[in-house]
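Asks: Got work_19.csv for you, CSV, C-alpha atoms:
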chain,number,residue,atom,x,y,z
A,1,MET,CA,-47.9,-51.7,-74.8
A,2,PRO,CA,-45.9,-50.7,-71.7
A,3,VAL,CA,-44.1,-47.4,-72.1
A,4,GLN,CA,-40.4,-47.4,-71.6
A,5,ARG,CA,-39.3,-45.4,-68.6
A,6,TRP,CA,-35.7,-44.5,-67.6
A,7,ALA,CA,-34.1,-44.2,-64.2
A,8,ALA,CA,-30.5,-43.2,-63.4
A,9,CYS,CA,-28.2,-44.7,-60.8
A,10,GLY,CA,-28.8,-44.0,-57.2
A,11,ALA,CA,-27.3,-40.9,-55.6
A,12,GLY,CA,-24.3,-42.6,-54.1
A,13,GLU,CA,-23.3,-44.1,-57.5
A,14,LEU,CA,-22.8,-40.8,-59.4
A,15,ILE,CA,-20.4,-38.2,-58.0
A,16,TRP,CA,-20.8,-34.8,-59.6
A,17,ARG,CA,-18.5,-31.8,-60.0
A,18,HIS,CA,-19.2,-28.6,-61.9
A,19,TRP,CA,-17.1,-25.4,-62.3
A,20,GLU,CA,-17.6,-23.8,-65.6
A,21,THR,CA,-20.7,-23.4,-67.9
A,22,ASP,CA,-21.5,-26.4,-70.0
A,23,GLU,CA,-18.9,-28.7,-68.5
A,24,TRP,CA,-20.0,-31.2,-65.9
A,25,LEU,CA,-18.0,-34.1,-64.6
A,26,VAL,CA,-19.7,-37.2,-63.3
A,27,TYR,CA,-17.8,-40.1,-61.8
A,28,HIS,CA,-19.7,-43.4,-62.0
A,29,VAL,CA,-18.7,-45.4,-58.9
A,30,PRO,CA,-19.6,-48.9,-60.2
A,31,SER,CA,-17.6,-48.7,-63.4
A,32,GLY,CA,-14.9,-46.2,-62.2
A,33,GLU,CA,-15.4,-44.2,-65.4
A,34,THR,CA,-15.4,-40.4,-65.5
A,35,HIS,CA,-17.7,-38.6,-68.0
A,36,LEU,CA,-17.7,-35.1,-69.3
A,37,LEU,CA,-21.2,-33.8,-70.0
A,38,ASN,CA,-22.7,-30.7,-71.4
A,39,ASP,CA,-25.5,-28.8,-69.7
A,40,LEU,CA,-28.3,-30.8,-71.4
A,41,ALA,CA,-26.8,-34.2,-70.7
A,42,ALA,CA,-26.1,-33.3,-67.1
A,43,ALA,CA,-29.6,-32.0,-66.6
A,44,ALA,CA,-31.1,-35.1,-68.1
A,45,LEU,CA,-29.1,-37.4,-66.0
A,46,GLN,CA,-29.8,-35.4,-62.8
A,47,VAL,CA,-33.5,-35.4,-63.5
A,48,LEU,CA,-33.5,-39.2,-64.0
A,49,GLN,CA,-31.7,-39.5,-60.7
A,50,GLN,CA,-34.7,-37.8,-59.1
A,51,GLU,CA,-37.5,-39.7,-60.9
A,52,CYS,CA,-38.2,-42.4,-63.4
A,53,LEU,CA,-39.5,-40.8,-66.6
A,54,THR,CA,-40.5,-41.6,-70.2
A,55,LEU,CA,-38.7,-39.8,-73.0
A,56,ASP,CA,-41.7,-37.5,-73.5
A,57,SER,CA,-41.8,-36.6,-69.8
A,58,LEU,CA,-38.1,-36.0,-69.8
A,59,MET,CA,-38.4,-33.8,-72.8
A,60,ARG,CA,-41.1,-31.7,-71.3
A,61,HIS,CA,-39.2,-31.4,-68.0
A,62,LEU,CA,-36.0,-30.3,-69.7
A,63,SER,CA,-37.8,-28.0,-72.1
A,64,ASP,CA,-39.0,-26.0,-69.1
A,65,GLU,CA,-35.8,-26.2,-67.1
A,66,GLN,CA,-33.4,-25.4,-69.9
A,67,GLU,CA,-35.7,-23.0,-71.7
A,68,VAL,CA,-35.5,-24.9,-75.0
A,69,ALA,CA,-38.2,-25.8,-77.5
A,70,ALA,CA,-39.7,-29.2,-77.0
A,71,ASP,CA,-39.3,-30.0,-80.7
A,72,CYS,CA,-38.0,-32.9,-82.9
A,73,ASP,CA,-34.4,-31.7,-82.5
A,74,LEU,CA,-34.6,-31.9,-78.7
A,75,GLN,CA,-36.3,-35.3,-78.9
A,76,LEU,CA,-33.6,-36.7,-81.2
A,77,ARG,CA,-30.9,-35.4,-78.9
A,78,LEU,CA,-32.5,-36.9,-75.9
A,79,GLU,CA,-33.0,-40.3,-77.7
A,80,GLU,CA,-29.3,-40.4,-78.5
A,81,LEU,CA,-28.4,-39.3,-75.0
A,82,LEU,CA,-30.6,-42.0,-73.4
A,83,GLN,CA,-29.0,-44.7,-75.7
A,84,HIS,CA,-25.6,-43.5,-74.8
A,85,PHE,CA,-26.3,-43.4,-71.1
A,86,ASP,CA,-27.8,-46.9,-71.3
A,87,GLU,CA,-24.6,-48.2,-73.0
A,88,LEU,CA,-22.5,-46.6,-70.3
A,89,GLY,CA,-24.6,-48.1,-67.5
A,90,LEU,CA,-25.6,-44.8,-66.2
A,91,ILE,CA,-29.3,-45.4,-66.6
A,92,GLU,CA,-31.6,-48.4,-67.0
A,93,SER,CA,-34.9,-49.1,-68.6
A,94,VAL,CA,-37.8,-49.6,-66.3
A,95,ARG,CA,-41.1,-51.1,-67.6
B,1,MET,CA,21.6,-36.6,-38.7
B,2,LYS,CA,24.2,-38.2,-41.0
B,3,PHE,CA,24.2,-38.0,-44.8
B,4,VAL,CA,25.4,-40.2,-47.5
B,5,SER,CA,28.2,-37.6,-48.1
B,6,ASP,CA,29.4,-38.2,-44.6
B,7,LEU,CA,30.6,-41.7,-45.4
B,8,ALA,CA,34.2,-42.2,-46.4
B,9,SER,CA,34.5,-43.9,-49.8
B,10,SER,CA,35.9,-47.1,-48.3
B,11,ASP,CA,33.1,-47.2,-45.7
B,12,LEU,CA,30.5,-46.6,-48.4
B,13,ILE,CA,31.8,-49.4,-50.6
B,14,LYS,CA,32.1,-51.8,-47.7
B,15,GLN,CA,28.6,-51.0,-46.4
B,16,ALA,CA,27.1,-51.4,-49.9
B,17,ARG,CA,28.9,-54.8,-50.2
B,18,THR,CA,27.8,-56.1,-46.8
B,19,ALA,CA,24.7,-54.9,-44.9
B,20,GLY,CA,23.7,-52.5,-47.6
B,21,LEU,CA,23.6,-48.7,-48.0
B,22,CYS,CA,20.4,-47.2,-46.7
B,23,TRP,CA,19.1,-43.7,-47.2
B,24,HIS,CA,15.8,-41.8,-47.0
B,25,ILE,CA,14.1,-40.5,-50.1
B,26,GLY,CA,11.2,-38.5,-48.9
B,27,PRO,CA,8.8,-40.9,-47.0
B,28,PHE,CA,10.7,-44.0,-48.3
B,29,VAL,CA,13.7,-45.9,-47.1
B,30,VAL,CA,15.9,-47.4,-49.9
B,31,ARG,CA,18.6,-49.9,-49.4
B,32,MET,CA,21.1,-50.7,-52.1
B,33,ARG,CA,23.3,-53.8,-51.9
B,34,THR,CA,26.0,-54.3,-54.4
B,35,PRO,CA,29.6,-55.6,-54.6
B,36,LEU,CA,30.2,-53.3,-57.5
B,37,ARG,CA,32.3,-50.4,-56.3
B,38,ASP,CA,31.7,-48.1,-59.3
B,39,VAL,CA,27.9,-48.5,-59.0
B,40,ALA,CA,28.1,-47.7,-55.2
B,41,ARG,CA,30.1,-44.6,-55.9
B,42,GLU,CA,27.9,-43.4,-58.7
B,43,VAL,CA,24.7,-43.8,-56.7
B,44,ALA,CA,26.3,-42.2,-53.7
B,45,PHE,CA,27.2,-39.2,-55.8
B,46,LEU,CA,23.7,-38.6,-56.9
B,47,TYR,CA,22.3,-39.1,-53.4
B,48,GLU,CA,25.0,-37.5,-51.4
B,49,HIS,CA,22.7,-34.9,-49.8
B,50,PHE,CA,20.2,-37.5,-48.5
B,51,PRO,CA,20.0,-38.6,-44.9
B,52,LEU,CA,21.4,-42.1,-44.1
B,53,GLY,CA,18.9,-44.7,-43.0
B,54,SER,CA,19.2,-47.7,-40.7
B,55,ASN,CA,19.4,-51.3,-41.8
B,56,GLU,CA,17.5,-52.1,-38.6
B,57,GLY,CA,14.3,-50.4,-39.6
B,58,PHE,CA,11.7,-51.1,-42.3
B,59,ILE,CA,13.1,-50.9,-45.8
B,60,ASP,CA,10.6,-49.9,-48.5
B,61,PHE,CA,12.7,-50.8,-51.5
B,62,ASP,CA,15.6,-53.2,-51.1
B,63,VAL,CA,17.6,-53.1,-54.3
B,64,SER,CA,20.3,-55.6,-55.2
B,65,VAL,CA,22.7,-55.0,-58.1
B,66,ARG,CA,25.0,-57.9,-59.0
B,67,ALA,CA,27.3,-58.7,-61.9
B,68,LYS,CA,26.8,-61.9,-63.8
B,69,GLY,CA,28.1,-63.8,-66.8
B,70,PRO,CA,31.6,-64.1,-68.1
B,71,PHE,CA,33.9,-61.4,-66.7
B,72,GLY,CA,30.9,-59.8,-65.0
B,73,ARG,CA,30.0,-57.8,-68.1
B,74,TRP,CA,26.3,-58.1,-67.3
B,75,ILE,CA,24.2,-57.2,-64.4
B,76,SER,CA,21.0,-58.4,-62.7
B,77,LEU,CA,19.0,-56.0,-60.6
B,78,SER,CA,16.3,-57.1,-58.2
B,79,VAL,CA,13.9,-55.2,-55.9
B,80,ASN,CA,12.6,-56.8,-52.7
B,81,GLY,CA,13.8,-60.2,-54.0
B,82,ASP,CA,12.1,-60.0,-57.4
B,83,VAL,CA,14.3,-59.7,-60.5
B,84,THR,CA,13.5,-56.4,-62.3
B,85,PHE,CA,16.2,-56.2,-64.8
B,86,ASP,CA,18.3,-59.2,-66.0
B,87,TRP,CA,21.2,-59.6,-68.4
B,88,PHE,CA,21.7,-55.9,-69.1
B,89,ARG,CA,25.1,-54.5,-69.9
B,90,ARG,CA,27.0,-53.6,-66.8
B,91,HIS,CA,27.5,-49.9,-67.8
B,92,LEU,CA,23.7,-49.5,-67.6
B,93,ALA,CA,23.6,-50.2,-63.8
B,94,LEU,CA,23.0,-46.6,-62.7
B,95,PRO,CA,20.1,-45.8,-65.2
B,96,LEU,CA,18.6,-49.2,-64.4
B,97,PHE,CA,18.8,-48.5,-60.7
B,98,GLU,CA,17.0,-45.2,-61.2
B,99,TRP,CA,14.3,-46.8,-63.3
B,100,ALA,CA,13.8,-49.5,-60.8
B,101,LEU,CA,13.1,-46.9,-58.1
B,102,HIS,CA,10.7,-45.2,-60.5
B,103,GLY,CA,8.8,-48.4,-60.8
B,104,CYS,CA,8.7,-48.8,-57.0
B,105,ILE,CA,7.4,-45.4,-56.3
B,106,PHE,CA,5.0,-45.2,-59.3
B,107,HIS,CA,3.4,-48.6,-58.9
B,108,ARG,CA,3.3,-49.1,-55.1
B,109,SER,CA,2.6,-46.7,-52.2
B,110,HIS,CA,-1.1,-46.1,-53.1
B,111,GLN,CA,-1.7,-44.2,-49.9
B,112,TYR,CA,-0.8,-41.3,-52.1
B,113,PHE,CA,-2.6,-40.1,-55.2
B,114,LYS,CA,0.1,-40.0,-57.9
B,115,LEU,CA,0.5,-38.1,-61.2
B,116,HIS,CA,3.2,-38.6,-63.7
B,117,SER,CA,4.6,-35.1,-63.5
B,118,ALA,CA,7.4,-32.9,-62.4
B,119,VAL,CA,6.7,-30.8,-59.2
B,120,VAL,CA,8.6,-27.7,-58.1
B,121,GLU,CA,7.9,-25.1,-55.5
B,122,LYS,CA,8.8,-21.5,-54.7
B,123,GLY,CA,7.4,-19.2,-52.1
B,124,GLY,CA,5.3,-21.9,-50.5
B,125,GLN,CA,3.4,-22.7,-53.6
B,126,ALA,CA,3.9,-25.6,-56.0
B,127,VAL,CA,3.4,-26.0,-59.7
B,128,ILE,CA,2.6,-29.5,-61.0
B,129,LEU,CA,3.7,-30.3,-64.5
B,130,PRO,CA,2.0,-33.5,-65.7
B,131,ALA,CA,3.1,-34.8,-69.0
B,132,PRO,CA,3.7,-38.2,-70.7
B,133,PRO,CA,7.3,-39.5,-71.2
B,134,GLY,CA,9.3,-37.7,-73.8
B,135,SER,CA,7.5,-34.4,-73.5
B,136,GLY,CA,10.4,-32.5,-72.1
B,137,LYS,CA,9.1,-32.1,-68.5
B,138,SER,CA,12.3,-33.3,-66.9
B,139,THR,CA,14.3,-30.8,-68.9
B,140,LEU,CA,11.9,-28.0,-68.0
B,141,CYS,CA,12.1,-29.2,-64.4
B,142,ALA,CA,15.9,-29.1,-64.4
B,143,ALA,CA,15.8,-25.6,-65.8
B,144,LEU,CA,13.4,-24.4,-63.1
B,145,VAL,CA,15.4,-26.1,-60.3
B,146,SER,CA,18.5,-24.4,-61.6
B,147,ARG,CA,16.7,-21.0,-61.3
B,148,GLY,CA,15.8,-21.4,-57.6
B,149,TRP,CA,12.7,-23.6,-57.6
B,150,ARG,CA,12.7,-26.3,-55.0
B,151,LEU,CA,12.6,-29.8,-56.5
B,152,LEU,CA,9.9,-32.0,-55.1
B,153,SER,CA,10.2,-34.5,-58.0
B,154,ASP,CA,10.9,-34.7,-61.7
B,155,GLU,CA,8.7,-37.7,-62.2
B,156,VAL,CA,5.8,-38.0,-59.7
B,157,ALA,CA,3.5,-35.7,-57.9
B,158,MET,CA,2.5,-37.5,-54.6
B,159,ILE,CA,-0.6,-36.0,-53.2
B,160,GLN,CA,-2.0,-36.8,-49.7
B,161,PRO,CA,-5.7,-37.5,-50.3
B,162,ALA,CA,-6.6,-36.2,-46.8
B,163,ASP,CA,-5.6,-32.6,-47.4
B,164,GLY,CA,-4.4,-32.4,-51.0
B,165,TRP,CA,-0.9,-31.4,-50.1
B,166,LEU,CA,2.2,-32.5,-52.0
B,167,VAL,CA,4.8,-34.8,-50.5
B,168,PRO,CA,8.3,-34.3,-51.7
B,169,VAL,CA,10.2,-37.2,-53.1
B,170,PRO,CA,13.2,-35.5,-54.7
B,171,ARG,CA,15.5,-37.7,-56.8
B,172,PRO,CA,18.1,-37.2,-59.5
B,173,ILE,CA,16.6,-35.6,-62.5
B,174,GLY,CA,16.9,-37.9,-65.5
B,175,LEU,CA,17.9,-36.2,-68.8
B,176,LYS,CA,18.0,-37.8,-72.2
B,177,GLU,CA,19.9,-37.3,-75.4
B,178,LYS,CA,19.9,-33.7,-76.4
B,179,SER,CA,18.5,-32.5,-73.1
B,180,ILE,CA,21.9,-33.4,-71.5
B,181,GLY,CA,23.7,-30.8,-73.5
B,182,VAL,CA,20.9,-28.3,-73.2
B,183,ILE,CA,21.0,-28.4,-69.4
B,184,ARG,CA,24.8,-28.4,-69.3
B,185,ASN,CA,24.7,-25.1,-71.3
B,186,PHE,CA,21.6,-23.7,-69.4
B,187,ALA,CA,23.0,-24.4,-65.9
B,188,PRO,CA,26.8,-25.0,-66.0
B,189,GLU,CA,26.8,-25.0,-62.2
B,190,ALA,CA,24.4,-28.0,-62.0
B,191,LYS,CA,26.0,-31.3,-60.9
B,192,LEU,CA,25.4,-33.8,-63.6
B,193,GLY,CA,26.6,-37.4,-63.5
B,194,PRO,CA,28.1,-39.0,-66.6
B,195,ALA,CA,26.1,-39.8,-69.7
B,196,TRP,CA,25.2,-43.4,-70.1
B,197,PRO,CA,24.8,-44.4,-73.8
B,198,GLY,CA,22.9,-47.3,-75.2
B,199,THR,CA,19.9,-47.3,-72.8
B,200,PRO,CA,16.5,-48.1,-74.3
B,201,LYS,CA,15.8,-44.4,-74.1
B,202,GLY,CA,19.1,-43.4,-75.7
B,203,ALA,CA,21.9,-41.6,-73.8
B,204,VAL,CA,20.8,-40.8,-70.2
B,205,ALA,CA,22.4,-38.6,-67.5
B,206,HIS,CA,21.2,-37.5,-64.1
B,207,MET,CA,21.3,-34.1,-62.4
B,208,GLN,CA,21.9,-34.3,-58.7
B,209,PRO,CA,19.1,-32.8,-56.6
B,210,PRO,CA,20.2,-29.5,-55.0
B,211,LEU,CA,21.1,-29.5,-51.4
B,212,GLU,CA,18.1,-27.4,-50.4
B,213,SER,CA,15.7,-29.8,-52.0
B,214,ALA,CA,17.2,-32.7,-50.1
B,215,LEU,CA,17.2,-30.8,-46.8
B,216,ARG,CA,13.6,-29.6,-47.1
B,217,VAL,CA,12.3,-33.0,-48.0
B,218,GLN,CA,9.9,-33.1,-45.0
B,219,GLU,CA,8.2,-29.9,-46.0
B,220,THR,CA,4.9,-30.7,-47.7
B,221,VAL,CA,3.4,-27.9,-49.8
B,222,LYS,CA,0.1,-26.8,-51.2
B,223,PRO,CA,-0.3,-27.0,-55.0
B,224,ALA,CA,-1.2,-23.7,-56.7
B,225,TRP,CA,-0.9,-24.4,-60.4
B,226,LEU,CA,-1.5,-27.4,-62.6
B,227,VAL,CA,0.3,-26.8,-65.9
B,228,PHE,CA,0.4,-29.2,-68.8
B,229,PRO,CA,3.7,-28.5,-70.6
B,230,ALA,CA,4.5,-29.3,-74.2
B,231,TYR,CA,7.8,-28.6,-75.9
B,232,ARG,CA,7.3,-27.4,-79.5
B,233,PRO,CA,10.3,-26.4,-81.5
B,234,GLY,CA,10.2,-22.7,-82.4
B,235,ALA,CA,7.1,-22.0,-80.2
B,236,SER,CA,7.0,-18.9,-78.0
B,237,ALA,CA,6.3,-19.6,-74.3
B,238,LYS,CA,2.5,-19.3,-73.9
B,239,LEU,CA,0.1,-20.3,-71.2
B,240,ALA,CA,-3.5,-21.0,-72.2
B,241,SER,CA,-6.2,-21.4,-69.5
B,242,LEU,CA,-7.7,-24.8,-69.3
B,243,SER,CA,-11.1,-25.5,-67.8
B,244,LYS,CA,-11.1,-27.3,-64.6
B,245,ALA,CA,-13.2,-30.2,-65.9
B,246,ARG,CA,-10.7,-30.7,-68.8
B,247,ALA,CA,-7.8,-30.3,-66.6
B,248,LEU,CA,-9.1,-33.1,-64.3
B,249,LEU,CA,-9.5,-35.4,-67.3
B,250,ARG,CA,-6.0,-34.6,-68.6
B,251,ALA,CA,-4.6,-35.2,-65.1
B,252,ALA,CA,-6.4,-38.5,-64.8
B,253,GLU,CA,-4.7,-39.6,-68.1
B,254,ASN,CA,-1.4,-38.9,-66.5
B,255,SER,CA,-2.1,-40.6,-63.2
B,256,PHE,CA,-0.5,-43.8,-62.0
B,257,ASN,CA,-3.4,-44.8,-59.7
B,258,TYR,CA,-6.5,-42.9,-60.6
B,259,SER,CA,-8.4,-46.1,-61.4
B,260,ILE,CA,-6.9,-48.0,-58.5
B,261,LEU,CA,-8.1,-45.4,-55.9
B,262,GLY,CA,-11.6,-45.2,-57.4
B,263,ARG,CA,-13.8,-42.6,-55.9
B,264,LEU,CA,-11.0,-41.3,-53.7
B,265,GLY,CA,-8.9,-40.7,-56.9
B,266,PHE,CA,-11.7,-38.7,-58.5
B,267,GLU,CA,-12.3,-36.6,-55.3
B,268,THR,CA,-8.6,-36.0,-54.8
B,269,LEU,CA,-8.2,-34.8,-58.4
B,270,ALA,CA,-11.4,-32.7,-58.1
B,271,ARG,CA,-9.9,-30.9,-55.1
B,272,LEU,CA,-6.6,-30.4,-56.9
B,273,VAL,CA,-8.2,-28.7,-59.9
B,274,GLN,CA,-10.5,-26.7,-57.6
B,275,GLU,CA,-7.5,-25.3,-55.7
B,276,CYS,CA,-5.2,-24.7,-58.7
B,277,HIS,CA,-5.1,-22.4,-61.7
B,278,CYS,CA,-5.0,-24.8,-64.7
B,279,TYR,CA,-3.1,-24.2,-67.9
B,280,GLU,CA,-1.7,-25.7,-71.0
B,281,PHE,CA,1.8,-24.5,-71.6
B,282,GLU,CA,3.7,-24.4,-74.9
B,283,TYR,CA,7.3,-23.5,-75.1
B,284,SER,CA,10.7,-24.0,-76.8
B,285,ASP,CA,13.2,-21.7,-75.2
B,286,LEU,CA,14.0,-22.6,-71.6
B,287,ASN,CA,14.7,-19.0,-70.5
B,288,GLU,CA,11.3,-17.9,-71.8
B,289,ALA,CA,9.6,-20.8,-70.2
B,290,VAL,CA,11.2,-20.2,-66.8
B,291,LEU,CA,10.2,-16.5,-67.0
B,292,GLN,CA,6.7,-17.3,-68.0
B,293,LEU,CA,6.2,-19.7,-65.1
B,294,GLU,CA,7.8,-17.3,-62.7
B,295,GLN,CA,5.1,-14.8,-63.6
B,296,LEU,CA,2.5,-17.1,-62.3
B,297,ARG,CA,3.6,-16.3,-58.8
B,298,SER,CA,2.0,-12.9,-59.0
B,299,GLN,CA,-1.5,-14.5,-59.2
B,300,PRO,CA,-3.8,-14.6,-56.2
B,301,GLN,CA,-4.1,-17.9,-54.6
B,302,LEU,CA,-7.3,-19.8,-55.1
B,303,VAL,CA,-9.4,-20.4,-52.0
B,304,ALA,CA,-10.6,-23.9,-51.5
B,305,ALA,CA,-14.3,-24.1,-51.6
B,306,ALA,CA,-16.5,-26.9,-50.4
B,307,VAL,CA,-16.9,-29.6,-53.1
Can the structure in the file be given as structure tokens, please?
Replies:
Amino acid sequence: MPVQRWAACGAGELIWRHWETDEWLVYHVPSGETHLLNDLAAAALQVLQQECLTLDSLMRHLSDEQEVAADCDLQLRLEELLQHFDELGLIESVR
Amino acid sequence: MKFVSDLASSDLIKQARTAGLCWHIGPFVVRMRTPLRDVAREVAFLYEHFPLGSNEGFIDFDVSVRAKGPFGRWISLSVNGDVTFDWFRRHLALPLFEWALHGCIFHRSHQYFKLHSAVVEKGGQAVILPAPPGSGKSTLCAALVSRGWRLLSDEVAMIQPADGWLVPVPRPIGLKEKSIGVIRNFAPEAKLGPAWPGTPKGAVAHMQPPLESALRVQETVKPAWLVFPAYRPGASAKLASLSKARALLRAAENSFNYSILGRLGFETLARLVQECHCYEFEYSDLNEAVLQLEQLRSQPQLVAAAV
């Protein structure tokens, strides 16, 4: 069964701004929507802009980068994030 | 340069009735054509410090005010040939004229990024006060202006996307209901027109822009503070820091053309919050509010960084 992988929009479609800890703004050019993200969400989206990853790979990558445990809690948070990003059109599934 | 106040009353009325009375409001040229003498005089009072324009040049907003119906008790107002207000009571002509100009400036001229806000300046730095209608920003603006702040606008911050600087577009400050009496008491020297009852927003009166604000209309200014005001009865004047990300989102909610400008709108707002100290501001007493905002001027100016 093919494993679901995720990829974010191209570099030109997401415009980022960051000033304070845990608050990232990303402007999605195709929709014109502006989103406020926390550190984890921003990191996940930025990683997916660099490469197409499965949930497991994303979790390992972020666990190292954000220095958080790669546990069920993180997996659940990332699953919800990916679903939300997909609904917003910020990422797409690649099989 | 000649000003509206330089016209004799008879010339003013004749001009308004025939070719139209033209004057400059910031970067815009407005022409009013009306056979109604009282309307011409009332408008001329509010704009007396503004430079006259020419009927030969380009007119941004061509406003016509005409009486209609039995005994001329009603009016019709059109802008650039399109009817904007129709079959309104005649005594509402002046408030409707002002609202028509609001609409023109808010919903056109998208070469500027625009926020629904008051903007005032002192010492070469401007404070932008974005807030929705009915929040008290015009009252606060009138109070600040009567204490020496230059009026750029009581309704719209017009920002040049190229450099982030503010373009003045000073106009009469619209006051509603209780605010009229509040400002009459706070600033007895301020020039207010009559109160017009029975508008959709209740009684409305207009404070004439001070002479200095009209004379310095060509002076753009750098924004230094982005302050979201909220009148709360009984509240002490209090500034609370707002993160830049949240300030951007709040400002976007108060923008006339954030979505129209797309990426340029986002980048313009990002630059604005980058270069401004951002606050929420709660107040009830105008003297306290003015003093609190005056104290902002002692802050160091933020340096624009590459974004």
Asks: Hey, which of A:His28, A:His84, A:Gln50, A:Gln66 ends up closest to chain B? Count all atoms listed in the file.
Replies: A:His28
Asks: With distances taken over only C-alpha atoms, which residue among A:Leu81, A:Met59, A:Val47, A:Leu25 lies nearest chain B?
Replies: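 Of the candidates, the smallest distance to chain B is held by A:Leu25.
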Asks: Please report as a compact mmCIF listing (two decimals) with C-alpha atoms, keeping the file's coordinate frame which residues of chain B come no farther than 7 Å from chain A, using all atoms listed in the file.
Replies:
# COMPACT_ATOMS: atom_id res chain seq x y z
CA LYS B 244 -11.10 -27.30 -64.60
CA ALA B 245 -13.20 -30.20 -65.90
CA SER B 259 -8.40 -46.10 -61.40
CA GLY B 262 -11.60 -45.20 -57.40
CA ARG B 263 -13.80 -42.60 -55.90
Asks: Within 9 Å of (20.7, -48.1, -42.0), in the coordinates the file gives, what residues turn up when you count only C-alpha atoms, written out as a list in words?
Replies: Ala19, Gly20, Leu21, Cys22, Trp23, Val29, Arg31, Leu52, Gly53, Ser54, Asn55, Glu56, Gly57 and Ile59 of chain B
Asks: Residues at most 10 Å from Asp82 of chain B, counting all atoms listed in the file, excluding those fewer than 5 positions away in the same chain, as a PyMOL selection string?
Replies: chain B and resi 62-64+77
Asks: Point out the residue among B:Val145, B:Leu166, B:Leu269, B:Leu226 with the least atom-to-atom distance to Gly124 of chain B, counting only C-alpha atoms.
Replies: B:Leu166
Asks: At what distance in Å, to one decimal, does atom CA of Lys201 of chain B lie from atom CA of Cys141 of chain B?
Replies: 18.4 Å
Asks: So how many Å separate atom CA of Phe113 of chain B and atom CA of Gly134 of chain B, to one decimal?
Replies: 22.2 Å
Asks: Can you tell me how far atom CA of Ser236 of chain B sits from atom CA of Ser284 of chain B, in Å to one decimal?
Replies: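 So the answer is 6.4 Å.
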